[in-house]
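A.B. asks: What follows is the file target_21.cif, containing mmCIF, C-alpha atoms:
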```
data_data
#
loop_
_atom_site.label_atom_id
_atom_site.label_comp_id
_atom_site.auth_asym_id
_atom_site.auth_seq_id
_atom_site.Cartn_x
_atom_site.Cartn_y
_atom_site.Cartn_z
CA MET Z 1 0.35 -45.93 20.32
CA ARG Z 2 -3.09 -44.62 21.22
CA ARG Z 3 -1.50 -41.51 22.74
CA ARG Z 4 0.55 -40.82 19.59
CA GLY Z 5 -2.54 -41.23 17.48
CA THR Z 6 -4.42 -38.81 19.70
CA GLU Z 7 -1.58 -36.28 19.47
CA ARG Z 8 -1.48 -36.60 15.70
CA GLN Z 9 -5.25 -36.17 15.54
CA GLN Z 10 -5.00 -33.05 17.70
CA VAL Z 11 -2.34 -31.60 15.37
CA ASP Z 12 -4.49 -32.38 12.33
CA LEU Z 13 -7.50 -30.75 13.97
CA THR Z 14 -5.46 -27.69 14.87
CA ALA Z 15 -4.25 -27.35 11.27
CA SER Z 16 -7.81 -27.76 10.02
CA ASN Z 17 -9.06 -25.12 12.45
CA ILE Z 18 -6.35 -22.69 11.30
CA MET Z 19 -7.24 -23.24 7.64
CA ALA Z 20 -10.94 -22.84 8.39
CA SER Z 21 -10.21 -19.62 10.26
CA VAL Z 22 -8.16 -18.27 7.35
CA ALA Z 23 -10.91 -19.18 4.86
CA THR Z 24 -13.55 -17.51 7.06
CA GLU Z 25 -11.42 -14.38 7.45
CA GLN Z 26 -10.94 -14.15 3.68
CA ALA Z 27 -14.66 -14.63 3.03
CA GLN Z 28 -15.50 -11.87 5.52
CA ASP Z 29 -13.04 -9.48 3.89
CA ARG Z 30 -14.79 -9.53 0.52
CA VAL Z 31 -17.23 -7.09 -0.98
CA ASP Z 32 -19.94 -8.09 -3.45
CA ILE Z 33 -19.75 -6.05 -6.66
CA LEU Z 34 -22.70 -6.86 -8.96
CA GLY Z 35 -22.70 -10.43 -7.71
CA ILE Z 36 -18.93 -10.94 -7.89
CA PRO Z 37 -16.99 -11.19 -4.59
CA VAL Z 38 -13.88 -8.99 -4.61
CA ASP Z 39 -11.16 -9.24 -1.96
CA ARG Z 40 -10.39 -6.10 0.05
CA PHE Z 41 -6.75 -6.95 0.73
CA THR Z 42 -3.98 -4.39 0.48
CA PHE Z 43 -1.19 -5.08 -1.99
CA ASP Z 44 1.06 -6.52 0.73
CA GLN Z 45 -1.73 -8.68 2.11
CA THR Z 46 -2.39 -10.00 -1.39
CA LEU Z 47 1.27 -11.03 -1.67
CA GLU Z 48 1.00 -12.82 1.67
CA VAL Z 49 -2.07 -14.71 0.46
CA ILE Z 50 -0.26 -15.75 -2.73
CA ASP Z 51 2.78 -16.84 -0.71
CA ARG Z 52 0.46 -19.07 1.32
CA PHE Z 53 -1.11 -20.49 -1.84
CA VAL Z 54 2.35 -21.42 -3.16
CA ARG Z 55 3.27 -23.11 0.12
CA GLU Z 56 0.04 -25.10 0.22
CA LYS Z 57 0.55 -26.47 -3.33
CA THR Z 58 -3.19 -26.65 -4.00
CA PRO Z 59 -4.15 -25.36 -7.48
CA ARG Z 60 -5.75 -21.93 -7.14
CA ILE Z 61 -7.22 -19.30 -9.45
CA ALA Z 62 -6.38 -15.62 -8.94
CA VAL Z 63 -8.18 -12.90 -10.90
CA THR Z 64 -7.23 -9.25 -11.27
CA ALA Z 65 -10.66 -7.78 -11.93
CA ASP Z 66 -11.47 -4.38 -13.37
CA SER Z 67 -14.85 -2.84 -14.16
CA SER Z 68 -14.94 -4.38 -17.64
CA ALA Z 69 -14.51 -7.84 -16.12
CA ILE Z 70 -17.48 -7.35 -13.80
CA VAL Z 71 -19.58 -6.09 -16.73
CA ALA Z 72 -18.52 -9.03 -18.94
CA ALA Z 73 -19.46 -11.48 -16.18
CA GLN Z 74 -23.07 -10.24 -16.26
CA SER Z 75 -23.62 -11.68 -19.75
CA ASP Z 76 -21.02 -14.48 -19.91
CA PRO Z 77 -22.06 -17.42 -17.68
CA GLU Z 78 -18.78 -19.32 -18.17
CA PHE Z 79 -16.68 -16.31 -17.20
CA ARG Z 80 -18.97 -15.50 -14.29
CA GLU Z 81 -18.55 -19.03 -12.97
CA VAL Z 82 -14.75 -18.69 -13.09
CA LEU Z 83 -14.92 -15.46 -11.08
CA LEU Z 84 -17.24 -17.04 -8.52
CA ARG Z 85 -14.95 -20.02 -7.98
CA ALA Z 86 -11.73 -17.95 -7.93
CA ASP Z 87 -9.70 -18.15 -4.73
CA LEU Z 88 -8.52 -14.55 -5.02
CA VAL Z 89 -10.13 -11.61 -6.84
CA THR Z 90 -8.24 -8.32 -6.60
CA ALA Z 91 -9.52 -4.82 -7.31
CA ASP Z 92 -7.66 -3.79 -10.46
CA SER Z 93 -9.48 -0.53 -11.22
CA ALA Z 94 -10.72 2.72 -9.76
CA GLY Z 95 -14.25 1.66 -10.73
CA ILE Z 96 -14.15 -1.38 -8.46
CA ARG Z 97 -12.89 0.76 -5.57
CA TRP Z 98 -15.64 3.33 -6.23
CA ALA Z 99 -18.32 0.63 -6.08
CA ALA Z 100 -16.84 -0.81 -2.87
CA ARG Z 101 -16.91 2.62 -1.20
CA ARG Z 102 -20.59 2.99 -2.08
CA LYS Z 103 -21.17 -0.33 -0.33
CA GLY Z 104 -19.50 1.02 2.82
CA MET Z 105 -16.66 -1.49 2.39
CA PRO Z 106 -13.77 0.55 0.96
CA ILE Z 107 -10.77 -1.07 -0.68
CA VAL Z 108 -7.59 0.67 0.47
CA GLU Z 109 -5.62 0.40 -2.75
CA ARG Z 110 -5.67 -0.95 -6.26
CA VAL Z 111 -4.00 -4.35 -6.72
CA SER Z 112 -3.09 -4.63 -10.40
CA GLY Z 113 -1.82 -7.50 -12.49
CA VAL Z 114 1.25 -5.64 -13.74
CA ASP Z 115 2.32 -4.76 -10.18
CA LEU Z 116 1.78 -8.33 -8.99
CA VAL Z 117 3.90 -9.72 -11.84
CA ASP Z 118 6.74 -7.41 -10.83
CA ALA Z 119 6.48 -8.15 -7.10
CA LEU Z 120 6.14 -11.91 -7.54
CA CYS Z 121 9.15 -12.03 -9.85
CA ALA Z 122 11.09 -10.27 -7.08
CA ARG Z 123 9.79 -12.89 -4.64
CA SER Z 124 10.85 -15.61 -7.07
CA ALA Z 125 14.42 -14.32 -6.82
CA ASP Z 126 14.21 -14.55 -3.02
CA HIS Z 127 12.23 -17.77 -2.63
CA GLY Z 128 12.86 -19.67 -5.86
CA TYR Z 129 9.26 -19.66 -7.06
CA ARG Z 130 8.99 -21.31 -10.47
CA ILE Z 131 7.16 -18.94 -12.84
CA PHE Z 132 5.79 -19.51 -16.34
CA PHE Z 133 4.74 -16.74 -18.75
CA LEU Z 134 1.93 -17.58 -21.20
CA GLY Z 135 0.43 -15.01 -23.53
CA ALA Z 136 0.86 -11.97 -25.76
CA ALA Z 137 2.22 -12.07 -29.31
CA ALA Z 138 5.13 -14.24 -30.39
CA GLY Z 139 8.36 -13.16 -28.70
CA VAL Z 140 6.76 -10.73 -26.24
CA ALA Z 141 6.66 -13.12 -23.27
CA GLU Z 142 10.34 -13.94 -23.84
CA MET Z 143 11.28 -10.24 -23.89
CA ALA Z 144 9.24 -9.59 -20.76
CA ALA Z 145 10.88 -12.53 -19.00
CA GLU Z 146 14.36 -11.33 -19.92
CA ALA Z 147 13.59 -7.81 -18.70
CA LEU Z 148 12.37 -9.12 -15.36
CA ARG Z 149 15.35 -11.44 -14.97
CA LEU Z 150 17.59 -8.40 -15.41
CA LYS Z 151 15.53 -6.36 -12.97
CA HIS Z 152 15.35 -9.16 -10.38
CA PRO Z 153 18.54 -11.27 -10.64
CA GLY Z 154 17.75 -14.85 -9.75
CA CYS Z 155 14.13 -14.60 -10.83
CA ASN Z 156 13.18 -18.18 -11.71
CA ILE Z 157 11.10 -17.86 -14.89
CA VAL Z 158 11.18 -21.45 -16.11
CA GLY Z 159 9.39 -21.02 -19.45
CA THR Z 160 7.44 -18.79 -21.83
CA ARG Z 161 4.94 -19.26 -24.64
CA HIS Z 162 2.91 -16.93 -26.85
CA GLY Z 163 -0.85 -16.78 -26.39
CA PHE Z 164 -2.04 -16.96 -29.99
CA PHE Z 165 -3.87 -20.28 -30.17
CA PRO Z 166 -7.56 -21.21 -30.38
CA ALA Z 167 -9.57 -22.25 -27.35
CA GLU Z 168 -9.82 -25.72 -28.88
CA SER Z 169 -6.10 -26.12 -28.17
CA ASP Z 170 -6.27 -25.14 -24.49
CA GLU Z 171 -5.72 -28.66 -23.17
CA VAL Z 172 -2.86 -29.29 -25.60
CA VAL Z 173 -1.09 -26.09 -24.52
CA ALA Z 174 -1.75 -26.91 -20.87
CA SER Z 175 -0.10 -30.30 -21.39
CA GLU Z 176 2.94 -28.53 -22.87
CA ILE Z 177 3.26 -26.30 -19.80
CA ALA Z 178 2.61 -28.94 -17.11
CA PRO Z 179 6.14 -30.50 -17.23
CA TYR Z 180 7.63 -27.13 -16.22
CA ARG Z 181 5.85 -27.50 -12.85
CA PRO Z 182 5.27 -23.78 -12.29
CA ASP Z 183 4.41 -22.48 -8.84
CA ILE Z 184 2.92 -19.41 -10.51
CA LEU Z 185 1.41 -19.27 -14.00
CA PHE Z 186 0.87 -15.81 -15.45
CA VAL Z 187 -1.56 -15.75 -18.39
CA ALA Z 188 -1.70 -12.60 -20.52
CA MET Z 189 -4.43 -13.12 -23.10
CA GLY Z 190 -7.01 -10.54 -22.06
CA ILE Z 191 -10.28 -10.82 -20.17
CA PRO Z 192 -12.15 -13.22 -20.30
CA ARG Z 193 -10.01 -15.45 -22.53
CA GLN Z 194 -7.19 -15.79 -20.00
CA GLU Z 195 -9.50 -16.74 -17.11
CA LYS Z 196 -11.31 -19.33 -19.21
CA PHE Z 197 -7.99 -20.87 -20.21
CA ILE Z 198 -6.90 -21.00 -16.57
CA ALA Z 199 -10.10 -22.77 -15.51
CA ARG Z 200 -9.71 -25.39 -18.25
CA ALA Z 201 -5.99 -25.85 -17.68
CA LEU Z 202 -6.04 -25.95 -13.87
CA PRO Z 203 -6.49 -29.75 -13.54
CA ILE Z 204 -3.68 -30.35 -16.05
CA ILE Z 205 -1.02 -27.82 -15.01
CA GLN Z 206 -1.96 -27.79 -11.31
CA ALA Z 207 0.01 -24.64 -10.56
CA PRO Z 208 -0.54 -23.43 -6.98
CA VAL Z 209 -1.32 -19.98 -8.44
CA SER Z 210 -2.70 -19.24 -11.92
CA MET Z 211 -3.39 -15.58 -12.61
CA GLY Z 212 -4.63 -13.56 -15.58
CA VAL Z 213 -2.51 -10.45 -16.05
CA GLY Z 214 -3.84 -8.79 -19.23
CA GLY Z 215 -1.28 -6.63 -21.02
CA SER Z 216 1.48 -6.98 -18.42
CA PHE Z 217 3.92 -8.72 -20.78
CA ASP Z 218 3.55 -5.90 -23.30
CA VAL Z 219 4.55 -3.44 -20.56
CA PHE Z 220 7.59 -5.34 -19.30
CA SER Z 221 8.79 -6.15 -22.81
CA GLY Z 222 8.77 -2.44 -23.64
CA LYS Z 223 6.18 -2.91 -26.38
CA VAL Z 224 3.73 -0.70 -24.48
CA LYS Z 225 4.65 2.15 -22.16
CA ARG Z 226 2.88 2.17 -18.83
CA ALA Z 227 0.99 5.30 -17.83
CA PRO Z 228 3.06 8.03 -16.15
CA ARG Z 229 2.82 8.27 -12.36
CA LEU Z 230 0.51 11.28 -12.61
CA PHE Z 231 -2.05 9.25 -14.58
CA GLN Z 232 -1.73 6.39 -12.09
CA ARG Z 233 -2.14 8.71 -9.13
CA PHE Z 234 -5.43 10.10 -10.43
CA ASN Z 235 -6.72 6.69 -11.61
CA LEU Z 236 -6.47 7.66 -15.28
CA GLU Z 237 -4.50 4.71 -16.64
CA TRP Z 238 -7.55 3.82 -18.75
CA LEU Z 239 -7.27 7.21 -20.48
CA TRP Z 240 -3.56 6.68 -21.13
CA ARG Z 241 -4.20 3.26 -22.67
CA LEU Z 242 -6.94 4.71 -24.83
CA MET Z 243 -4.63 7.51 -26.02
CA LEU Z 244 -1.98 4.97 -27.01
CA ASN Z 245 -4.40 2.49 -28.55
CA PRO Z 246 -7.89 3.68 -29.64
CA LYS Z 247 -8.84 0.01 -30.11
CA LYS Z 248 -9.13 -0.13 -26.31
CA PHE Z 249 -12.35 1.90 -26.58
CA SER Z 250 -14.44 -1.26 -26.49
CA LYS Z 251 -13.06 -1.95 -23.00
CA VAL Z 252 -13.32 1.65 -21.77
CA LYS Z 253 -16.98 1.92 -22.83
CA ALA Z 254 -17.80 -0.78 -20.27
CA LEU Z 255 -17.22 1.78 -17.50
CA PRO Z 256 -20.50 3.70 -17.99
CA LYS Z 257 -22.35 0.35 -18.07
CA PHE Z 258 -20.63 -0.59 -14.82
CA VAL Z 259 -21.55 2.70 -13.13
CA LEU Z 260 -25.18 2.47 -14.23
CA ALA Z 261 -25.44 -1.14 -13.06
CA VAL Z 262 -24.05 -0.25 -9.63
CA LEU Z 263 -26.42 2.70 -9.26
CA ARG Z 264 -29.35 0.62 -10.48
CA GLU Z 265 -28.55 -2.09 -7.91
CA GLU Z 266 -28.71 0.53 -5.13
CA SER Z 267 -32.13 1.86 -6.14
#
```
Write the structure described by the file as structure tokens, please.
C.D. replies:
Amino acid sequence: MRRRGTERQQVDLTASNIMASVATEQAQDRVDILGIPVDRFTFDQTLEVIDRFVREKTPRIAVTADSSAIVAAQSDPEFREVLLRADLVTADSAGIRWAARRKGMPIVERVSGVDLVDALCARSADHGYRIFFLGAAAGVAEMAAEALRLKHPGCNIVGTRHGFFPAESDEVVASEIAPYRPDILFVAMGIPRQEKFIARALPIIQAPVSMGVGGSFDVFSGKVKRAPRLFQRFNLEWLWRLMLNPKKFSKVKALPKFVLAVLREES
């Protein structure tokens, strides 16, 4: 009996050492952008990390951060705290990658919310991941879900809900979603609203992965056309979005603030 206990203890210690090693490796592969740690993973590595999160079943927060998110975090303590406690923060803009290069810690490629939604829905078809769509206007999440089910036959999107409700109702909405037991919760309500909802809902829904994905549902539903490849190639998706919707100017104007803050930090 003592020998079995020792063997079990050795296995537990080995598992703990592996997890500690993974956590250390992830911490070392982050770059600090204006006080916010951003992961330097490639797109494929990001998918591997999310796969691991789903297997581990521990509730995690994933953030797809662009320059406007980093700027918003400088003056919004609640949002900043969510970014600091997030288990995964991807570089979802050319601005983030520019700042990382100036730090001597380049990020190989952009890892965007819309691309992760697409790839993880494909993985759902292969691995059975349970996915829930929350956000956008009434009917948009349903249309996005249907489009992705057609694109990835077998994609297991277990439920959808619009995102038009006040913050006071966050816990009520979280309680509505919890019975669906999602492995991955995509929240499309814009930065920082979606991240704040995720932080409040995490103890209730307990999804292994909860991720803010901005306007992704609008893209997959066909409500908004994604930027042509040429715009994507030259990191001009922000310009495309501004051309389609001038109301996005408030988000685009955060870029000069971001650049100045990065340069000021260096001086």
A.B. asks: Which residues match the PyMOL selection byres ((chain Z and resi 83-85) around 10) in the file above, as a list in words?
C.D. replies: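 For this structure, the PyMOL selection byres ((chain Z and resi 83-85) around 10) captures Gly35, Ile36, Pro37, Val38, Arg60, Ile61, Ala62, Val63, Thr64, Ala65, Ala69, Ile70, Ala73, Pro77, Glu78, Phe79, Arg80, Glu81, Val82, Ala86, Asp87, Leu88, Val89, Pro192, Glu195, Lys196 and Ala199 of chain Z.
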A.B. asks: Suppose we keep C-alpha atoms; can you now write the selection as a PDB file, in the coordinates of the input?
C.D. replies:
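What landed in result18.pdb:
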```
ATOM      1  CA  GLY Z  35     -22.700 -10.430  -7.710  1.00  0.00           C
ATOM      2  CA  ILE Z  36     -18.930 -10.940  -7.890  1.00  0.00           C
ATOM      3  CA  PRO Z  37     -16.990 -11.190  -4.590  1.00  0.00           C
ATOM      4  CA  VAL Z  38     -13.880  -8.990  -4.610  1.00  0.00           C
ATOM      5  CA  ARG Z  60      -5.750 -21.930  -7.140  1.00  0.00           C
ATOM      6  CA  ILE Z  61      -7.220 -19.300  -9.450  1.00  0.00           C
ATOM      7  CA  ALA Z  62      -6.380 -15.620  -8.940  1.00  0.00           C
ATOM      8  CA  VAL Z  63      -8.180 -12.900 -10.900  1.00  0.00           C
ATOM      9  CA  THR Z  64      -7.230  -9.250 -11.270  1.00  0.00           C
ATOM     10  CA  ALA Z  65     -10.660  -7.780 -11.930  1.00  0.00           C
ATOM     11  CA  ALA Z  69     -14.510  -7.840 -16.120  1.00  0.00           C
ATOM     12  CA  ILE Z  70     -17.480  -7.350 -13.800  1.00  0.00           C
ATOM     13  CA  ALA Z  73     -19.460 -11.480 -16.180  1.00  0.00           C
ATOM     14  CA  PRO Z  77     -22.060 -17.420 -17.680  1.00  0.00           C
ATOM     15  CA  GLU Z  78     -18.780 -19.320 -18.170  1.00  0.00           C
ATOM     16  CA  PHE Z  79     -16.680 -16.310 -17.200  1.00  0.00           C
ATOM     17  CA  ARG Z  80     -18.970 -15.500 -14.290  1.00  0.00           C
ATOM     18  CA  GLU Z  81     -18.550 -19.030 -12.970  1.00  0.00           C
ATOM     19  CA  VAL Z  82     -14.750 -18.690 -13.090  1.00  0.00           C
ATOM     20  CA  ALA Z  86     -11.730 -17.950  -7.930  1.00  0.00           C
ATOM     21  CA  ASP Z  87      -9.700 -18.150  -4.730  1.00  0.00           C
ATOM     22  CA  LEU Z  88      -8.520 -14.550  -5.020  1.00  0.00           C
ATOM     23  CA  VAL Z  89     -10.130 -11.610  -6.840  1.00  0.00           C
ATOM     24  CA  PRO Z 192     -12.150 -13.220 -20.300  1.00  0.00           C
ATOM     25  CA  GLU Z 195      -9.500 -16.740 -17.110  1.00  0.00           C
ATOM     26  CA  LYS Z 196     -11.310 -19.330 -19.210  1.00  0.00           C
ATOM     27  CA  ALA Z 199     -10.100 -22.770 -15.510  1.00  0.00           C
TER      28      ALA Z 199
END
```
A.B. asks: Choose the residue, out of Z:Val140, Z:Val219, Z:Val213, Z:Met189, that has the smallest atom-to-atom separation from Asp66 of chain Z; count all atoms listed in the file.
C.D. replies: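 The closest residue to Asp66 of chain Z is Z:Val213.
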A.B. asks: Specify as a PDB file with C-alpha atoms, in the frame of the given file each residue included when the PyMOL selection byres ((chain Z and resi 54-57) around 7) is applied to this file.
C.D. replies:
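Writing the result to part-v1.pdb gives the following:
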```pdb
ATOM      1  CA  ILE Z  50      -0.260 -15.750  -2.730  1.00  0.00           C
ATOM      2  CA  ASP Z  51       2.780 -16.840  -0.710  1.00  0.00           C
ATOM      3  CA  ARG Z  52       0.460 -19.070   1.320  1.00  0.00           C
ATOM      4  CA  PHE Z  53      -1.110 -20.490  -1.840  1.00  0.00           C
ATOM      5  CA  THR Z  58      -3.190 -26.650  -4.000  1.00  0.00           C
ATOM      6  CA  PRO Z  59      -4.150 -25.360  -7.480  1.00  0.00           C
ATOM      7  CA  ASP Z 183       4.410 -22.480  -8.840  1.00  0.00           C
ATOM      8  CA  PRO Z 208      -0.540 -23.430  -6.980  1.00  0.00           C
ATOM      9  CA  VAL Z 209      -1.320 -19.980  -8.440  1.00  0.00           C
TER      10      VAL Z 209
END
```
A.B. asks: Hey, which of Z:Ile204, Z:Ala100, Z:Val262, Z:Leu47 ends up closest to Arg30 of chain Z? Count only C-alpha atoms.
C.D. replies: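 Of the candidates, the smallest distance to Arg30 of chain Z is held by Z:Ala100.
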A.B. asks: What does the distance between atom CA of Ser216 of chain Z and atom CA of Asp29 of chain Z come to in Å, to one decimal place?
C.D. replies: 26.7 Å
A.B. asks: To one decimal in Å, tell me the separation between atom CA of Gln74 of chain Z and atom CA of Phe133 of chain Z.
C.D. replies: 28.7 Å
A.B. asks: Taking the file as shown, what set of residues would the PyMOL selection byres ((chain Z and resi 115-124) around 10) give back, as a PyMOL selection string?
C.D. replies: chain Z and resi 43-44+46-47+50-51+64+110-114+125-131+133+145+148-149+151-157+183-184+186+211+213+216-217+220
A.B. asks: Show me, as JSON, the centre and edge lengths in Å to one decimal of the axis-aligned box that covers every listed atom of segment 154-173 of chain Z with 3 Å on each side.
C.D. replies:
```
{"center_x": 4.0, "center_y": -21.9, "center_z": -20.1, "size_x": 33.6, "size_y": 20.7, "size_z": 26.6}
```
A.B. asks: What does the structure give for the distance between atom CA of Ala99 of chain Z and atom CA of Phe41 of chain Z, in Å to one decimal?
C.D. replies: 15.4 Å
A.B. asks: Restricting the calculation to only C-alpha atoms: of Z:Glu171, Z:Glu109, Z:Glu266, Z:Glu146, which residue gets closest to Gln45 of chain Z?
C.D. replies: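 Going through Z:Glu171, Z:Glu109, Z:Glu266, Z:Glu146 one by one, the smallest distance to Gln45 of chain Z is for Z:Glu109.
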A.B. asks: Show which residues sit within 7 Å of Thr160 of chain Z, as a count of residues only. Count only C-alpha atoms, and ignore same-chain residues fewer than 4 positions away.
C.D. replies: 5
A.B. asks: Would you mind completing segment 147-168 of chain Z so that it carries N, CA, C and O atoms, and writing it out as an mmCIF file, in the frame of the given file?
C.D. replies:
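Now in result_33.cif:
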```
data_model
loop_
_atom_site.group_PDB
_atom_site.id
_atom_site.type_symbol
_atom_site.label_atom_id
_atom_site.label_comp_id
_atom_site.auth_asym_id
_atom_site.auth_seq_id
_atom_site.Cartn_x
_atom_site.Cartn_y
_atom_site.Cartn_z
ATOM 1 N N ALA Z 147 13.552 -9.095 -19.398
ATOM 2 C CA ALA Z 147 13.590 -7.810 -18.700
ATOM 3 C C ALA Z 147 13.443 -7.996 -17.194
ATOM 4 O O ALA Z 147 14.135 -7.334 -16.396
ATOM 5 N N LEU Z 148 12.588 -8.897 -16.790
ATOM 6 C CA LEU Z 148 12.370 -9.120 -15.360
ATOM 7 C C LEU Z 148 13.517 -9.904 -14.731
ATOM 8 O O LEU Z 148 13.825 -9.711 -13.557
ATOM 9 N N ARG Z 149 14.149 -10.764 -15.500
ATOM 10 C CA ARG Z 149 15.350 -11.440 -14.970
ATOM 11 C C ARG Z 149 16.463 -10.430 -14.722
ATOM 12 O O ARG Z 149 17.221 -10.558 -13.745
ATOM 13 N N LEU Z 150 16.585 -9.440 -15.591
ATOM 14 C CA LEU Z 150 17.590 -8.400 -15.410
ATOM 15 C C LEU Z 150 17.247 -7.512 -14.218
ATOM 16 O O LEU Z 150 18.128 -7.090 -13.458
ATOM 17 N N LYS Z 151 15.963 -7.220 -14.067
ATOM 18 C CA LYS Z 151 15.530 -6.360 -12.970
ATOM 19 C C LYS Z 151 15.633 -7.070 -11.625
ATOM 20 O O LYS Z 151 15.978 -6.444 -10.606
ATOM 21 N N HIS Z 152 15.327 -8.381 -11.625
ATOM 22 C CA HIS Z 152 15.350 -9.160 -10.380
ATOM 23 C C HIS Z 152 16.287 -10.359 -10.574
ATOM 24 O O HIS Z 152 15.822 -11.471 -10.877
ATOM 25 N N PRO Z 153 17.587 -10.171 -10.440
ATOM 26 C CA PRO Z 153 18.540 -11.270 -10.640
ATOM 27 C C PRO Z 153 18.186 -12.484 -9.785
ATOM 28 O O PRO Z 153 17.912 -12.354 -8.587
ATOM 29 N N GLY Z 154 18.131 -13.626 -10.437
ATOM 30 C CA GLY Z 154 17.750 -14.850 -9.750
ATOM 31 C C GLY Z 154 16.299 -15.202 -9.917
ATOM 32 O O GLY Z 154 15.861 -16.281 -9.488
ATOM 33 N N CYS Z 155 15.538 -14.322 -10.559
ATOM 34 C CA CYS Z 155 14.130 -14.600 -10.830
ATOM 35 C C CYS Z 155 14.015 -15.892 -11.644
ATOM 36 O O CYS Z 155 14.629 -16.034 -12.709
ATOM 37 N N ASN Z 156 13.217 -16.830 -11.148
ATOM 38 C CA ASN Z 156 13.180 -18.180 -11.710
ATOM 39 C C ASN Z 156 12.023 -18.366 -12.694
ATOM 40 O O ASN Z 156 11.070 -19.094 -12.436
ATOM 41 N N ILE Z 157 12.106 -17.683 -13.834
ATOM 42 C CA ILE Z 157 11.100 -17.860 -14.890
ATOM 43 C C ILE Z 157 11.515 -19.078 -15.705
ATOM 44 O O ILE Z 157 12.503 -19.050 -16.428
ATOM 45 N N VAL Z 158 10.754 -20.156 -15.564
ATOM 46 C CA VAL Z 158 11.180 -21.450 -16.110
ATOM 47 C C VAL Z 158 10.744 -21.667 -17.555
ATOM 48 O O VAL Z 158 11.220 -22.600 -18.210
ATOM 49 N N GLY Z 159 9.828 -20.830 -18.067
ATOM 50 C CA GLY Z 159 9.390 -21.020 -19.450
ATOM 51 C C GLY Z 159 8.459 -19.923 -19.911
ATOM 52 O O GLY Z 159 7.866 -19.198 -19.104
ATOM 53 N N THR Z 160 8.338 -19.785 -21.239
ATOM 54 C CA THR Z 160 7.440 -18.790 -21.830
ATOM 55 C C THR Z 160 6.780 -19.400 -23.063
ATOM 56 O O THR Z 160 7.308 -20.334 -23.671
ATOM 57 N N ARG Z 161 5.627 -18.842 -23.414
ATOM 58 C CA ARG Z 161 4.940 -19.260 -24.640
ATOM 59 C C ARG Z 161 3.989 -18.158 -25.056
ATOM 60 O O ARG Z 161 3.366 -17.514 -24.206
ATOM 61 N N HIS Z 162 3.842 -17.946 -26.370
ATOM 62 C CA HIS Z 162 2.910 -16.930 -26.850
ATOM 63 C C HIS Z 162 1.476 -17.398 -26.612
ATOM 64 O O HIS Z 162 1.201 -18.582 -26.388
ATOM 65 N N GLY Z 163 0.538 -16.460 -26.699
ATOM 66 C CA GLY Z 163 -0.850 -16.780 -26.390
ATOM 67 C C GLY Z 163 -1.778 -16.830 -27.583
ATOM 68 O O GLY Z 163 -3.001 -16.789 -27.415
ATOM 69 N N PHE Z 164 -1.204 -16.944 -28.795
ATOM 70 C CA PHE Z 164 -2.040 -16.960 -29.990
ATOM 71 C C PHE Z 164 -2.345 -18.399 -30.413
ATOM 72 O O PHE Z 164 -1.647 -18.991 -31.235
ATOM 73 N N PHE Z 165 -3.398 -18.938 -29.810
ATOM 74 C CA PHE Z 165 -3.870 -20.280 -30.170
ATOM 75 C C PHE Z 165 -5.360 -20.316 -29.867
ATOM 76 O O PHE Z 165 -5.855 -19.585 -29.001
ATOM 77 N N PRO Z 166 -6.112 -21.158 -30.584
ATOM 78 C CA PRO Z 166 -7.560 -21.210 -30.380
ATOM 79 C C PRO Z 166 -7.926 -21.919 -29.090
ATOM 80 O O PRO Z 166 -7.143 -22.718 -28.552
ATOM 81 N N ALA Z 167 -9.117 -21.629 -28.594
ATOM 82 C CA ALA Z 167 -9.570 -22.250 -27.350
ATOM 83 C C ALA Z 167 -9.615 -23.772 -27.460
ATOM 84 O O ALA Z 167 -9.441 -24.472 -26.454
ATOM 85 N N GLU Z 168 -9.790 -24.263 -28.675
ATOM 86 C CA GLU Z 168 -9.820 -25.720 -28.880
ATOM 87 C C GLU Z 168 -8.494 -26.377 -28.515
ATOM 88 O O GLU Z 168 -8.427 -27.590 -28.288
#
```
